[in-house]
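I have placed the structure first, in the form of structure tokens, so that the comments after it can refer back to it.
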Amino acid sequence: MKKFHGKAIPTKLEEMIKPEKTVLIIVDVQNDFCMGDGKLLCPMMIFKLKALIKSARRNGVMVVYIQDTVLQDRLSDSASWVRHYLVSLKTNDPNKITEGAIEGSWGHMIVDEIEPQDDDLRIIKYRSSAFYGTPLDLILRSNDITTTVLTGVVTYGCVESTARDASNQYFVVIPEDCVWASNTELHDANLVIMKHRYDVVNSDTIIGIWEK
């Protein structure tokens, strides 16, 4: 730990992810994004994430599930938000936007393999970042959390957006084997960017520290 202008700056991962000061945030691991033809699209990521969640619960780490959410008739979508979908789809036809994560639908639910427990928090969001328009920051500040361990999908979208907002106030740790995107090119590119900004490690490293 280093002191800098009166602030304590951790220099080791062990100092940063103390269980009582850490939250494990699971971003958008929902059926609409992680299931296809009745099967998991990212089985290895889910396998690693499941182990990380178990370790977090065993060691008193706060666990928060984030659910991307779309209201019926797109009531939650602004015109600019619709435009961002069109740009990503490379189209000018709004009718080509897929209906995903509709509140209350099967697709909106967290995948069965990592189903939340009663003690876990669930927060719905209507934009990419889990901090935008949600009580997440209030909850973390109220519980003296200083570090976010960010997992989920998609790497270059909601995970990255949440990481950027988190880094304004919290230390950010990314377990690189617990984030995923079907577009591997963008996934890999975003990991390069996040390694330039945050602490990116393997989930086994985090588990090893928590289990000590």
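Residues in the structure tokens are named by chain (A, B, ... in the order shown) and by number from 1 within that chain; ligands are numbered from 1 in the order shown.
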Practice problem: Please identify all polymer residues within 7 Å of A:Met16, counting only C-alpha atoms, omitting same-chain residues fewer than 4 positions from it, and present them as a VMD selection string. | Solution: chain A and resid 10 12 147
Now that the selection is made, can you save its residues with C-alpha atoms as an mmCIF file, in the first residue's frame?
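Okay, this is what ended up in again32.cif:
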data_model
loop_
_atom_site.group_PDB
_atom_site.id
_atom_site.type_symbol
_atom_site.label_atom_id
_atom_site.label_comp_id
_atom_site.auth_asym_id
_atom_site.auth_seq_id
_atom_site.Cartn_x
_atom_site.Cartn_y
_atom_site.Cartn_z
ATOM 1 C CA PRO A 10 -3.089 -0.480 -3.113
ATOM 2 C CA LYS A 12 -1.017 -5.565 -4.678
ATOM 3 C CA THR A 147 -13.368 -2.519 -5.191
#
Quiz item: Contacts of A:Val149 at 12 Å or less, counting only C-alpha atoms, minus same-chain residues fewer than 4 places along, as an NGL selection string?
Solution: :A and (13 or 16-19 or 21-27 or 49 or 52-53 or 56 or 61-65 or 145 or 159 or 162-163 or 166-167 or 170-176 or 178-179 or 198-203 or 206-207)
Practice problem: Please provide the set of residues having any atom within 9 Å of stretch 104-112 of chain A, restricted to only C-alpha atoms, with same-chain residues fewer than 3 positions apart removed, written as a ChimeraX atom specification. | Solution: /A:28-35,40,65-70,100-101,115-116
Self-check item: Spatial neighbours of A:Thr11, 9 Å, only C-alpha atoms, chain gap at least 3 places, as a ChimeraX atom specification
Solution: /A:1-2,14-16
